[in-house]
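Source file model37.pdb; content: PDB, C-alpha atoms and all ligand atoms.
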```pdb
MODEL        1
ATOM      1  CA  MET I  12       0.000   0.000   0.000
ATOM      2  CA  SER I  13       1.273   3.480  -0.813
ATOM      3  CA  ALA I  14       1.277   6.438   1.579
ATOM      4  CA  LEU I  15      -1.680   8.713   0.929
ATOM      5  CA  LEU I  16      -0.367  11.229   3.431
ATOM      6  CA  GLN I  17       3.290  11.665   4.249
ATOM      7  CA  ILE I  18       4.428  13.829   7.151
ATOM      8  CA  ARG I  19       8.063  14.692   7.791
ATOM      9  CA  GLY I  20       9.457  16.710  10.681
ATOM     10  CA  LEU I  21       6.119  18.384  11.390
ATOM     11  CA  THR I  22       6.558  20.995  14.097
ATOM     12  CA  LYS I  23       4.131  23.514  15.524
ATOM     13  CA  HIS I  24       5.218  25.942  18.211
ATOM     14  CA  PHE I  25       2.829  28.629  19.433
ATOM     15  CA  ALA I  26       4.551  31.808  20.601
ATOM     16  CA  LEU I  27       3.367  33.194  23.934
ATOM     17  CA  LYS I  28       3.316  36.910  24.567
ATOM     18  CA  LYS I  29       6.527  38.229  26.074
ATOM     19  CA  GLY I  30       6.180  39.142  29.762
ATOM     20  CA  LEU I  31       7.272  42.471  31.257
ATOM     21  CA  PHE I  32      10.609  41.066  32.482
ATOM     22  CA  ARG I  33      11.143  38.435  29.800
ATOM     23  CA  ARG I  34      13.264  39.331  26.760
ATOM     24  CA  HIS I  35      12.480  36.247  24.696
ATOM     25  CA  ALA I  36       9.077  34.898  23.749
ATOM     26  CA  ARG I  37       8.324  31.428  25.117
ATOM     27  CA  HIS I  38       6.745  28.756  22.962
ATOM     28  CA  VAL I  39       4.215  26.012  23.461
ATOM     29  CA  HIS I  40       5.691  22.901  21.834
ATOM     30  CA  ALA I  41       2.436  21.511  20.434
ATOM     31  CA  LEU I  42       4.154  19.285  17.844
ATOM     32  CA  ASP I  43       7.845  18.419  17.689
ATOM     33  CA  GLY I  44       9.197  16.604  14.642
ATOM     34  CA  ILE I  45       6.331  14.277  13.733
ATOM     35  CA  ASP I  46       7.066  11.710  10.979
ATOM     36  CA  LEU I  47       4.216   9.587   9.678
ATOM     37  CA  ASP I  48       3.112   7.651   6.589
ATOM     38  CA  LEU I  49      -0.667   7.222   6.497
ATOM     39  CA  LEU I  50      -1.428   4.387   4.110
ATOM     40  CA  GLU I  51      -4.236   4.517   1.594
ATOM     41  CA  GLY I  52      -7.362   2.821   2.970
ATOM     42  CA  GLU I  53      -6.163   2.475   6.567
ATOM     43  CA  THR I  54      -7.590   3.879   9.782
ATOM     44  CA  LEU I  55      -4.939   5.267  12.089
ATOM     45  CA  GLY I  56      -6.095   5.872  15.660
ATOM     46  CA  VAL I  57      -4.238   8.739  17.363
ATOM     47  CA  VAL I  58      -4.443   8.697  21.168
ATOM     48  CA  GLY I  59      -3.101  10.792  24.000
ATOM     49  CA  GLU I  60      -4.215  12.990  26.870
ATOM     50  CA  SER I  61      -5.340  16.535  26.365
ATOM     51  CA  GLY I  62      -2.169  18.541  25.625
ATOM     52  CA  SER I  63      -0.486  15.693  23.726
ATOM     53  CA  GLY I  64      -0.712  17.542  20.389
ATOM     54  CA  LYS I  65      -3.105  15.100  18.698
ATOM     55  CA  SER I  66      -5.701  17.750  17.774
ATOM     56  CA  THR I  67      -2.994  20.163  16.564
ATOM     57  CA  LEU I  68      -1.788  17.371  14.278
ATOM     58  CA  GLY I  69      -5.253  17.078  12.679
ATOM     59  CA  ARG I  70      -5.610  20.840  12.375
ATOM     60  CA  ALA I  71      -2.153  21.175  10.786
ATOM     61  CA  ILE I  72      -3.042  18.574   8.140
ATOM     62  CA  VAL I  73      -6.154  20.513   7.086
ATOM     63  CA  ARG I  74      -4.193  23.771   7.415
ATOM     64  CA  LEU I  75      -6.340  25.179  10.209
ATOM     65  CA  GLU I  76      -2.892  25.629  11.785
ATOM     66  CA  GLU I  77       0.108  26.672   9.706
ATOM     67  CA  PRO I  78       3.075  24.412  10.668
ATOM     68  CA  SER I  79       6.202  26.081  12.109
ATOM     69  CA  ALA I  80       8.370  23.569  10.217
ATOM     70  CA  GLY I  81       8.169  20.299   8.342
ATOM     71  CA  ARG I  82       6.323  19.008   5.317
ATOM     72  CA  ILE I  83       2.947  17.397   4.697
ATOM     73  CA  SER I  84       2.423  15.684   1.334
ATOM     74  CA  PHE I  85      -0.897  14.341   0.140
ATOM     75  CA  GLU I  86      -1.036  12.059  -2.902
ATOM     76  CA  GLY I  87       2.618  12.937  -3.453
ATOM     77  CA  ARG I  88       2.134  16.718  -3.471
ATOM     78  CA  ASP I  89       3.440  19.133  -0.843
ATOM     79  CA  LEU I  90       0.401  20.796   0.762
ATOM     80  CA  GLY I  91       2.482  23.826   1.711
ATOM     81  CA  ALA I  92       3.721  24.404  -1.855
ATOM     82  CA  VAL I  93       0.616  23.988  -4.044
ATOM     83  CA  ARG I  94      -1.203  27.191  -4.949
ATOM     84  CA  GLY I  95      -4.430  28.368  -6.535
ATOM     85  CA  ALA I  96      -6.921  25.856  -7.961
ATOM     86  CA  ASP I  97      -4.633  22.865  -7.217
ATOM     87  CA  ARG I  98      -4.533  23.853  -3.575
ATOM     88  CA  GLN I  99      -8.314  24.065  -3.480
ATOM     89  CA  VAL I 100      -8.696  20.607  -5.047
ATOM     90  CA  LEU I 101      -6.258  19.081  -2.558
ATOM     91  CA  ARG I 102      -8.107  20.697   0.318
ATOM     92  CA  GLU I 103     -11.434  19.325  -0.861
ATOM     93  CA  ARG I 104      -9.927  15.860  -0.628
ATOM     94  CA  ILE I 105      -9.088  16.208   3.073
ATOM     95  CA  GLN I 106     -12.038  16.956   5.329
ATOM     96  CA  MET I 107     -12.528  17.106   9.072
ATOM     97  CA  VAL I 108     -15.306  15.821  11.340
ATOM     98  CA  PHE I 109     -15.422  17.643  14.674
ATOM     99  CA  GLN I 110     -16.672  16.692  18.125
ATOM    100  CA  ASP I 111     -19.535  19.172  18.128
ATOM    101  CA  PRO I 112     -21.224  19.441  14.744
ATOM    102  CA  TYR I 113     -23.876  21.751  16.195
ATOM    103  CA  ALA I 114     -21.283  24.473  16.804
ATOM    104  CA  SER I 115     -20.431  24.554  13.102
ATOM    105  CA  LEU I 116     -24.030  24.401  11.820
ATOM    106  CA  ASN I 117     -25.782  27.717  11.278
ATOM    107  CA  PRO I 118     -29.038  27.471  13.292
ATOM    108  CA  ARG I 119     -30.815  29.668  10.730
ATOM    109  CA  LEU I 120     -30.000  27.464   7.744
ATOM    110  CA  SER I 121     -31.909  24.283   6.951
ATOM    111  CA  VAL I 122     -29.763  21.170   6.831
ATOM    112  CA  GLY I 123     -30.408  20.930   3.087
ATOM    113  CA  HIS I 124     -29.132  24.458   2.614
ATOM    114  CA  ALA I 125     -26.044  23.838   4.769
ATOM    115  CA  LEU I 126     -25.166  20.699   2.784
ATOM    116  CA  ALA I 127     -25.910  22.171  -0.661
ATOM    117  CA  GLU I 128     -23.892  25.354  -0.181
ATOM    118  CA  PRO I 129     -20.351  23.879  -0.334
ATOM    119  CA  MET I 130     -21.302  21.690  -3.305
ATOM    120  CA  LEU I 131     -22.576  24.742  -5.213
ATOM    121  CA  VAL I 132     -19.637  26.969  -4.232
ATOM    122  CA  HIS I 133     -17.090  24.310  -5.249
ATOM    123  CA  ARG I 134     -19.094  23.480  -8.410
ATOM    124  CA  LYS I 135     -19.614  19.836  -7.493
ATOM    125  CA  VAL I 136     -23.192  20.089  -8.787
ATOM    126  CA  ALA I 137     -24.779  22.240 -11.493
ATOM    127  CA  GLY I 138     -27.729  24.188 -10.116
ATOM    128  CA  ARG I 139     -30.140  23.993  -7.186
ATOM    129  CA  LYS I 140     -32.083  21.006  -8.490
ATOM    130  CA  ALA I 141     -28.974  18.823  -8.804
ATOM    131  CA  ALA I 142     -27.844  20.058  -5.386
ATOM    132  CA  ALA I 143     -31.155  19.010  -3.804
ATOM    133  CA  LYS I 144     -30.797  15.539  -5.316
ATOM    134  CA  ALA I 145     -27.174  15.273  -4.090
ATOM    135  CA  VAL I 146     -28.251  16.380  -0.587
ATOM    136  CA  GLY I 147     -30.921  13.655  -0.508
ATOM    137  CA  ASP I 148     -28.323  11.052  -1.534
ATOM    138  CA  LEU I 149     -25.879  12.276   1.119
ATOM    139  CA  LEU I 150     -28.525  12.087   3.849
ATOM    140  CA  LEU I 151     -29.408   8.524   2.836
ATOM    141  CA  GLN I 152     -25.738   7.613   2.838
ATOM    142  CA  VAL I 153     -25.374   8.699   6.489
ATOM    143  CA  GLY I 154     -28.598   6.983   7.600
ATOM    144  CA  LEU I 155     -31.003   9.953   7.530
ATOM    145  CA  ARG I 156     -34.116  10.492   5.396
ATOM    146  CA  PRO I 157     -33.935  12.872   2.381
ATOM    147  CA  GLU I 158     -36.973  14.834   3.619
ATOM    148  CA  MET I 159     -34.962  15.810   6.713
ATOM    149  CA  ALA I 160     -33.179  18.341   4.453
ATOM    150  CA  ALA I 161     -35.995  20.794   5.188
ATOM    151  CA  SER I 162     -35.414  20.694   8.979
ATOM    152  CA  TYR I 163     -33.184  22.976  11.045
ATOM    153  CA  PRO I 164     -30.271  21.812  13.243
ATOM    154  CA  HIS I 165     -32.164  22.224  16.547
ATOM    155  CA  ALA I 166     -34.663  19.547  15.451
ATOM    156  CA  PHE I 167     -32.014  16.806  15.477
ATOM    157  CA  SER I 168     -30.584  14.603  18.252
ATOM    158  CA  GLY I 169     -26.834  14.549  19.004
ATOM    159  CA  GLY I 170     -26.324  11.403  16.940
ATOM    160  CA  GLN I 171     -28.314  12.800  14.012
ATOM    161  CA  ARG I 172     -26.319  16.039  14.144
ATOM    162  CA  GLN I 173     -23.097  14.078  13.938
ATOM    163  CA  ARG I 174     -24.519  12.239  10.905
ATOM    164  CA  ILE I 175     -25.129  15.680   9.355
ATOM    165  CA  GLY I 176     -21.542  16.689  10.245
ATOM    166  CA  ILE I 177     -20.301  13.564   8.467
ATOM    167  CA  ALA I 178     -22.554  14.263   5.444
ATOM    168  CA  ARG I 179     -21.074  17.740   5.220
ATOM    169  CA  ALA I 180     -17.545  16.349   5.342
ATOM    170  CA  LEU I 181     -18.475  13.951   2.509
ATOM    171  CA  ALA I 182     -20.134  16.605   0.328
ATOM    172  CA  LEU I 183     -16.950  17.492  -1.571
ATOM    173  CA  GLY I 184     -15.892  13.885  -2.235
ATOM    174  CA  PRO I 185     -12.905  13.554   0.134
ATOM    175  CA  LYS I 186     -10.332  10.788   0.197
ATOM    176  CA  LEU I 187      -9.131  11.399   3.761
ATOM    177  CA  LEU I 188     -11.320  12.150   6.796
ATOM    178  CA  ILE I 189      -9.764  13.530   9.959
ATOM    179  CA  CYS I 190     -12.121  12.729  12.829
ATOM    180  CA  ASP I 191     -11.294  14.743  15.964
ATOM    181  CA  GLU I 192     -13.096  13.269  19.007
ATOM    182  CA  ALA I 193     -15.966  12.669  16.572
ATOM    183  CA  VAL I 194     -17.935  10.383  18.925
ATOM    184  CA  SER I 195     -16.746  11.702  22.307
ATOM    185  CA  ALA I 196     -19.835  13.810  23.020
ATOM    186  CA  LEU I 197     -22.281  10.974  22.274
ATOM    187  CA  ASP I 198     -23.906   8.330  24.505
ATOM    188  CA  VAL I 199     -22.200   4.941  24.291
ATOM    189  CA  SER I 200     -25.030   3.299  22.291
ATOM    190  CA  VAL I 201     -25.084   6.200  19.805
ATOM    191  CA  GLN I 202     -21.258   6.088  19.634
ATOM    192  CA  ALA I 203     -21.450   2.493  18.415
ATOM    193  CA  GLN I 204     -23.924   3.460  15.671
ATOM    194  CA  ILE I 205     -21.712   6.311  14.454
ATOM    195  CA  LEU I 206     -18.583   4.115  14.545
ATOM    196  CA  ASN I 207     -20.437   1.519  12.456
ATOM    197  CA  LEU I 208     -21.389   4.293  10.045
ATOM    198  CA  PHE I 209     -17.695   5.287   9.737
ATOM    199  CA  ASN I 210     -16.802   1.656   8.979
ATOM    200  CA  LYS I 211     -19.569   1.359   6.374
ATOM    201  CA  LEU I 212     -18.560   4.617   4.644
ATOM    202  CA  LYS I 213     -14.926   3.579   4.597
ATOM    203  CA  LYS I 214     -15.810   0.482   2.557
ATOM    204  CA  GLU I 215     -18.328   2.222   0.287
ATOM    205  CA  LEU I 216     -16.199   5.278  -0.488
ATOM    206  CA  ASP I 217     -12.614   3.927  -0.154
ATOM    207  CA  LEU I 218     -11.869   6.419   2.600
ATOM    208  CA  THR I 219      -8.771   6.724   4.745
ATOM    209  CA  TYR I 220      -9.209   7.897   8.349
ATOM    210  CA  LEU I 221      -7.084   9.648  10.918
ATOM    211  CA  PHE I 222      -9.125   9.014  14.058
ATOM    212  CA  ILE I 223      -8.113  11.304  16.919
ATOM    213  CA  THR I 224      -9.506  10.373  20.332
ATOM    214  CA  HIS I 225      -8.657  10.043  24.006
ATOM    215  CA  ASP I 226     -10.785   6.860  24.164
ATOM    216  CA  LEU I 227      -8.882   3.593  23.746
ATOM    217  CA  SER I 228     -12.046   1.515  23.298
ATOM    218  CA  VAL I 229     -12.891   3.651  20.231
ATOM    219  CA  VAL I 230      -9.361   3.214  18.907
ATOM    220  CA  ARG I 231      -9.512  -0.529  19.428
ATOM    221  CA  TYR I 232     -12.799  -0.735  17.516
ATOM    222  CA  VAL I 233     -11.913   1.318  14.448
ATOM    223  CA  SER I 234      -8.138   1.298  13.963
ATOM    224  CA  ASP I 235      -5.786  -0.679  11.770
ATOM    225  CA  ARG I 236      -2.814   1.002  13.458
ATOM    226  CA  VAL I 237      -2.472   3.034  16.638
ATOM    227  CA  MET I 238      -0.220   6.013  17.334
ATOM    228  CA  VAL I 239       0.289   7.336  20.877
ATOM    229  CA  MET I 240       1.329  10.952  21.399
ATOM    230  CA  TYR I 241       2.808  12.578  24.487
ATOM    231  CA  LEU I 242       3.768  16.261  24.761
ATOM    232  CA  GLY I 243       4.015  16.812  20.998
ATOM    233  CA  GLN I 244       5.895  13.625  20.136
ATOM    234  CA  VAL I 245       5.005  10.143  18.918
ATOM    235  CA  VAL I 246       5.955   7.648  21.656
ATOM    236  CA  GLU I 247       4.509   4.429  20.166
ATOM    237  CA  LEU I 248       3.196   3.434  16.731
ATOM    238  CA  ALA I 249       2.112  -0.093  15.819
ATOM    239  CA  PRO I 250      -0.548  -2.214  14.111
ATOM    240  CA  ARG I 251      -3.573  -2.529  16.418
ATOM    241  CA  ASP I 252      -3.281  -6.134  17.642
ATOM    242  CA  PRO I 253       0.430  -6.092  18.532
ATOM    243  CA  PHE I 254      -0.113  -2.636  20.024
ATOM    244  CA  PHE I 255      -2.718  -3.869  22.510
ATOM    245  CA  ALA I 256      -0.989  -7.216  23.096
ATOM    246  CA  ARG I 257       2.542  -5.861  23.659
ATOM    247  CA  ARG I 258       1.975  -2.234  24.860
ATOM    248  CA  LEU I 259       5.715  -1.588  24.975
ATOM    249  CA  HIS I 260       5.942   2.049  26.063
ATOM    250  CA  PRO I 261       5.401   2.732  29.798
ATOM    251  CA  TYR I 262       2.980   5.557  28.912
ATOM    252  CA  THR I 263       0.922   3.227  26.696
ATOM    253  CA  ARG I 264       0.805   0.691  29.531
ATOM    254  CA  ALA I 265      -0.465   3.349  31.911
ATOM    255  CA  LEU I 266      -3.120   4.527  29.431
ATOM    256  CA  ILE I 267      -4.380   1.001  28.787
ATOM    257  CA  SER I 268      -4.406  -0.062  32.417
ATOM    258  CA  ALA I 269      -6.402   3.052  33.330
ATOM    259  CA  ALA I 270      -8.981   2.463  30.585
ATOM    260  CA  PRO I 271     -12.293   0.701  31.293
ATOM    261  CA  ILE I 272     -11.514  -1.878  28.565
ATOM    262  CA  ALA I 273      -8.403  -3.148  30.373
ATOM    263  CA  SER I 274      -8.345  -6.914  30.955
ATOM    264  CA  THR I 275      -8.256  -8.330  34.499
ATOM    265  CA  ALA I 276      -4.546  -9.113  34.089
ATOM    266  CA  ALA I 277      -3.854  -5.567  32.972
ATOM    267  CA  ARG I 278      -5.860  -4.182  35.885
ATOM    268  CA  GLU I 279      -3.924  -6.374  38.336
ATOM    269  CA  ALA I 280      -0.676  -4.954  36.981
ATOM    270  CA  ARG I 281      -2.173  -1.494  36.934
ATOM    271  CA  THR I 282       0.179   1.423  36.386
ATOM    272  CA  ILE I 283      -1.180   4.592  37.888
ATOM    273  CA  LEU I 284      -0.003   7.735  36.135
ATOM    274  CA  GLN I 285       1.448  10.182  38.611
ATOM    275  CA  GLY I 286       0.413  13.828  38.252
ATOM    276  CA  GLU I 287      -0.761  15.830  35.274
ATOM    277  CA  ILE I 288       0.829  15.996  31.853
ATOM    278  CA  PRO I 289       3.630  18.612  32.230
ATOM    279  CA  SER I 290       3.402  21.978  30.500
ATOM    280  CA  ALA I 291       4.279  21.990  26.819
ATOM    281  CA  ILE I 292       5.904  25.422  27.299
ATOM    282  CA  ASP I 293       9.098  23.969  28.763
ATOM    283  CA  PRO I 294       8.851  20.221  28.160
ATOM    284  CA  PRO I 295      10.986  18.056  30.483
ATOM    285  CA  THR I 296      14.568  17.381  29.359
ATOM    286  CA  GLY I 297      15.583  13.946  28.108
ATOM    287  CA  CYS I 298      12.505  11.750  27.842
ATOM    288  CA  ARG I 299       9.435  13.984  28.095
ATOM    289  CA  PHE I 300       7.646  11.252  30.076
ATOM    290  CA  HIS I 301      10.380  10.924  32.731
ATOM    291  CA  THR I 302       8.541  13.019  35.348
ATOM    292  CA  ARG I 303       5.718  10.438  35.453
ATOM    293  CA  CYS I 304       7.365   7.205  34.356
ATOM    294  CA  PRO I 305       7.422   4.347  36.907
ATOM    295  CA  GLN I 306      10.501   2.888  35.151
ATOM    296  CA  VAL I 307      12.536   6.075  34.926
ATOM    297  CA  MET I 308      16.329   5.612  34.858
ATOM    298  CA  ASP I 309      19.082   8.160  35.307
ATOM    299  CA  ALA I 310      19.738   8.500  31.557
ATOM    300  CA  CYS I 311      16.043   9.249  30.916
ATOM    301  CA  ARG I 312      16.445  12.689  32.521
ATOM    302  CA  ARG I 313      19.408  13.598  30.305
ATOM    303  CA  VAL I 314      19.115  11.831  26.950
ATOM    304  CA  GLU I 315      16.155  12.184  24.640
ATOM    305  CA  PRO I 316      15.079   8.762  23.321
ATOM    306  CA  GLN I 317      14.491   8.381  19.577
ATOM    307  CA  LEU I 318      11.570   6.599  17.956
ATOM    308  CA  ARG I 319      12.955   3.160  16.989
ATOM    309  CA  GLU I 320      11.479   0.137  15.222
ATOM    310  CA  ILE I 321      11.612  -2.520  17.957
ATOM    311  CA  GLU I 322       9.612  -5.211  16.155
ATOM    312  CA  SER I 323       8.226  -5.293  12.616
ATOM    313  CA  ARG I 324       6.246  -2.033  12.102
ATOM    314  CA  HIS I 325       6.277  -1.460  15.890
ATOM    315  CA  PHE I 326       7.999   1.818  16.832
ATOM    316  CA  VAL I 327       8.734   2.919  20.406
ATOM    317  CA  ARG I 328      10.449   5.971  21.895
ATOM    318  CA  CYS I 329      11.990   4.653  25.126
ATOM    319  CA  HIS I 330      15.449   3.820  26.507
ATOM    320  CA  LEU I 331      14.156   0.468  27.806
ATOM    321  CA  TYR I 332      14.461  -0.764  24.215
ATOM    322  CA  GLY I 333      17.953   0.415  23.312
ATOM    323  CA  ASN I 334      20.938   1.885  25.075
ATOM    324  CA  PRO I 335      20.896   5.640  25.570
ATOM    325  CA  HIS I 336      23.975   7.154  23.894
TER     326      HIS I 336
HETATM  327 FE1  LIG U 401      10.325   5.844  31.066
HETATM  328 FE2  LIG U 401      12.883   6.284  30.517
HETATM  329 FE3  LIG U 401      11.363   4.996  28.777
HETATM  330 FE4  LIG U 401      11.030   7.582  29.177
HETATM  331  S1  LIG U 401      12.849   6.607  28.327
HETATM  332  S2  LIG U 401       9.449   6.081  29.041
HETATM  333  S3  LIG U 401      11.423   7.752  31.382
HETATM  334  S4  LIG U 401      11.926   4.311  30.826
ENDMDL
END
```

Render the structure in this file as structure tokens.
Amino acid sequence: MSALLQIRGLTKHFALKKGLFRRHARHVHALDGIDLDLLEGETLGVVGESGSGKSTLGRAIVRLEEPSAGRISFEGRDLGAVRGADRQVLRERIQMVFQDPYASLNPRLSVGHALAEPMLVHRKVAGRKAAAKAVGDLLLQVGLRPEMAASYPHAFSGGQRQRIGIARALALGPKLLICDEAVSALDVSVQAQILNLFNKLKKELDLTYLFITHDLSVVRYVSDRVMVMYLGQVVELAPRDPFFARRLHPYTRALISAAPIASTAAREARTILQGEIPSAIDPPTGCRFHTRCPQVMDACRRVEPQLREIESRHFVRCHLYGNPH
């Protein structure tokens, strides 16, 4: 399989305002040197606590955040270098589904209007009549009835609104969907329905997903591979089954043992994470996880571990799996 999306050295630092007595601006290290190949047709689950950088990663890919450094290529083309109509076409092919679709729906526009607008603006359909037909098809595709196009956002339940959010993301015919906590605000039973919808759409439309969530049970259900982020860096990346079976990084172990899906054995060997995730303004030296790691060694405080392939396609950033130099 070829890489649909290729990310190299992606970095995003947010400058903070200089204080009265501070000569240099400080920076939030939201992303630090992310490398990733997202394969065509796969679902990559991205997990981490709030502050890990996972949402910034999604926003940088759709250019809601301009990267500080690094390169993102989609279908072999550098997203930062394409201009004009080509740039627009590439952007249509990467769409985002957010946690709260209601916030991005105009309460004064009918759902049909909200879905038709981007298709008309981007000339995906010719005229209002064709747009109305396309809206009906989109609603059916996400499990809603075409006549619902006449209703306004307030008339829908949370699950239905997320279906509308997904329909809107599909309206321009994307290849890649970035789902940022897309089921987090929903009840568990509704979550399962929406996750099944994502799986169905993936098969029908040949989609590729980057699925950002803090919820490991969601990741386990939808992902082909899993990537764990901590303070702006990737700390573990592996195919789903070896990831859950081996859980090599101490942070991954702590996340899994704290999750409700953890097995009895995992709960017995529970690793409790100490304290909050440190500030991304001045990340800890050496290994960024050393302030909370139950297996911290002296070298961890001084030497930054690199992301290494420990087993086939299983990458880990930790000195337990290679000598610090
Ligand atoms: Fe823990 Fe050290 Fe590994 Fe970091 S490098 S995760 S501190 S053992």

Could you jot down the atom CA of Ala145 of chain I to atom CA of Phe109 of chain I separation for me, Å, one decimal place? 22.3 Å

Separation of atom CA of Thr219 of chain I from atom CA of Leu188 of chain I in Å: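 We find that atom CA of Leu188 of chain I and atom CA of Thr219 of chain I lie 6.3 Å from each other.
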
Residues selected by the PyMOL selection byres (((chain I and resi 193-195) around 8) and not hetatm), written as a JSON list (two decimals) with C-alpha atoms, keeping the file's coordinate frame:
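Output (selection16.json):
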```json
[["chain", "number", "residue", "atom", "x", "y", "z"],
["I", 108, "VAL", "CA", -15.31, 15.82, 11.34],
["I", 109, "PHE", "CA", -15.42, 17.64, 14.67],
["I", 110, "GLN", "CA", -16.67, 16.69, 18.12],
["I", 111, "ASP", "CA", -19.54, 19.17, 18.13],
["I", 173, "GLN", "CA", -23.10, 14.08, 13.94],
["I", 190, "CYS", "CA", -12.12, 12.73, 12.83],
["I", 191, "ASP", "CA", -11.29, 14.74, 15.96],
["I", 192, "GLU", "CA", -13.10, 13.27, 19.01],
["I", 196, "ALA", "CA", -19.84, 13.81, 23.02],
["I", 197, "LEU", "CA", -22.28, 10.97, 22.27],
["I", 202, "GLN", "CA", -21.26, 6.09, 19.63],
["I", 205, "ILE", "CA", -21.71, 6.31, 14.45],
["I", 206, "LEU", "CA", -18.58, 4.12, 14.54],
["I", 223, "ILE", "CA", -8.11, 11.30, 16.92],
["I", 224, "THR", "CA", -9.51, 10.37, 20.33],
["I", 226, "ASP", "CA", -10.78, 6.86, 24.16]]
```

What separation in Å, quoted to one decimal, exists between atom CA of Ala137 of chain I and atom CA of Ala125 of chain I?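 Rounded to one decimal, the two atoms are 16.4 Å apart.
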
Identify, on the basis of all atoms listed in the file, every residue whose closest approach to His24 of chain I does not exceed 12 Å; exclude the query and any residue fewer than 6 positions from it along the same chain; express the result as a PyMOL selection string. chain I and resi 36-44+64+67-68+71+76-81+242-243+291-293

Residues of the last selection are to be written out with C-alpha atoms, as a short mmCIF file (atom, residue, chain, number, x, y, z; two decimals), in the coordinates of the input.
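Result went into out.cif, see below:
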```
data_model
loop_
_atom_site.label_atom_id
_atom_site.label_comp_id
_atom_site.auth_asym_id
_atom_site.auth_seq_id
_atom_site.Cartn_x
_atom_site.Cartn_y
_atom_site.Cartn_z
CA ALA I 36 9.08 34.90 23.75
CA ARG I 37 8.32 31.43 25.12
CA HIS I 38 6.74 28.76 22.96
CA VAL I 39 4.22 26.01 23.46
CA HIS I 40 5.69 22.90 21.83
CA ALA I 41 2.44 21.51 20.43
CA LEU I 42 4.15 19.28 17.84
CA ASP I 43 7.84 18.42 17.69
CA GLY I 44 9.20 16.60 14.64
CA GLY I 64 -0.71 17.54 20.39
CA THR I 67 -2.99 20.16 16.56
CA LEU I 68 -1.79 17.37 14.28
CA ALA I 71 -2.15 21.18 10.79
CA GLU I 76 -2.89 25.63 11.78
CA GLU I 77 0.11 26.67 9.71
CA PRO I 78 3.08 24.41 10.67
CA SER I 79 6.20 26.08 12.11
CA ALA I 80 8.37 23.57 10.22
CA GLY I 81 8.17 20.30 8.34
CA LEU I 242 3.77 16.26 24.76
CA GLY I 243 4.01 16.81 21.00
CA ALA I 291 4.28 21.99 26.82
CA ILE I 292 5.90 25.42 27.30
CA ASP I 293 9.10 23.97 28.76
#
```

Expected selection as a short mmCIF file (atom, residue, chain, number, x, y, z; two decimals) with C-alpha atoms, keeping the file's coordinate frame for ligand LIG 401 (chain U) within 10 Å, only C-alpha atoms and all ligand atoms:
```
data_model
loop_
_atom_site.label_atom_id
_atom_site.label_comp_id
_atom_site.auth_asym_id
_atom_site.auth_seq_id
_atom_site.Cartn_x
_atom_site.Cartn_y
_atom_site.Cartn_z
CA VAL I 246 5.96 7.65 21.66
CA LEU I 259 5.72 -1.59 24.98
CA HIS I 260 5.94 2.05 26.06
CA PRO I 261 5.40 2.73 29.80
CA TYR I 262 2.98 5.56 28.91
CA THR I 263 0.92 3.23 26.70
CA GLY I 297 15.58 13.95 28.11
CA CYS I 298 12.50 11.75 27.84
CA ARG I 299 9.44 13.98 28.10
CA PHE I 300 7.65 11.25 30.08
CA HIS I 301 10.38 10.92 32.73
CA THR I 302 8.54 13.02 35.35
CA ARG I 303 5.72 10.44 35.45
CA CYS I 304 7.36 7.20 34.36
CA PRO I 305 7.42 4.35 36.91
CA GLN I 306 10.50 2.89 35.15
CA VAL I 307 12.54 6.08 34.93
CA MET I 308 16.33 5.61 34.86
CA ASP I 309 19.08 8.16 35.31
CA ALA I 310 19.74 8.50 31.56
CA CYS I 311 16.04 9.25 30.92
CA ARG I 312 16.44 12.69 32.52
CA ARG I 313 19.41 13.60 30.30
CA VAL I 314 19.11 11.83 26.95
CA GLU I 315 16.16 12.18 24.64
CA PRO I 316 15.08 8.76 23.32
CA GLN I 317 14.49 8.38 19.58
CA VAL I 327 8.73 2.92 20.41
CA ARG I 328 10.45 5.97 21.90
CA CYS I 329 11.99 4.65 25.13
CA HIS I 330 15.45 3.82 26.51
CA LEU I 331 14.16 0.47 27.81
CA TYR I 332 14.46 -0.76 24.22
CA GLY I 333 17.95 0.42 23.31
CA ASN I 334 20.94 1.88 25.08
CA PRO I 335 20.90 5.64 25.57
#
```
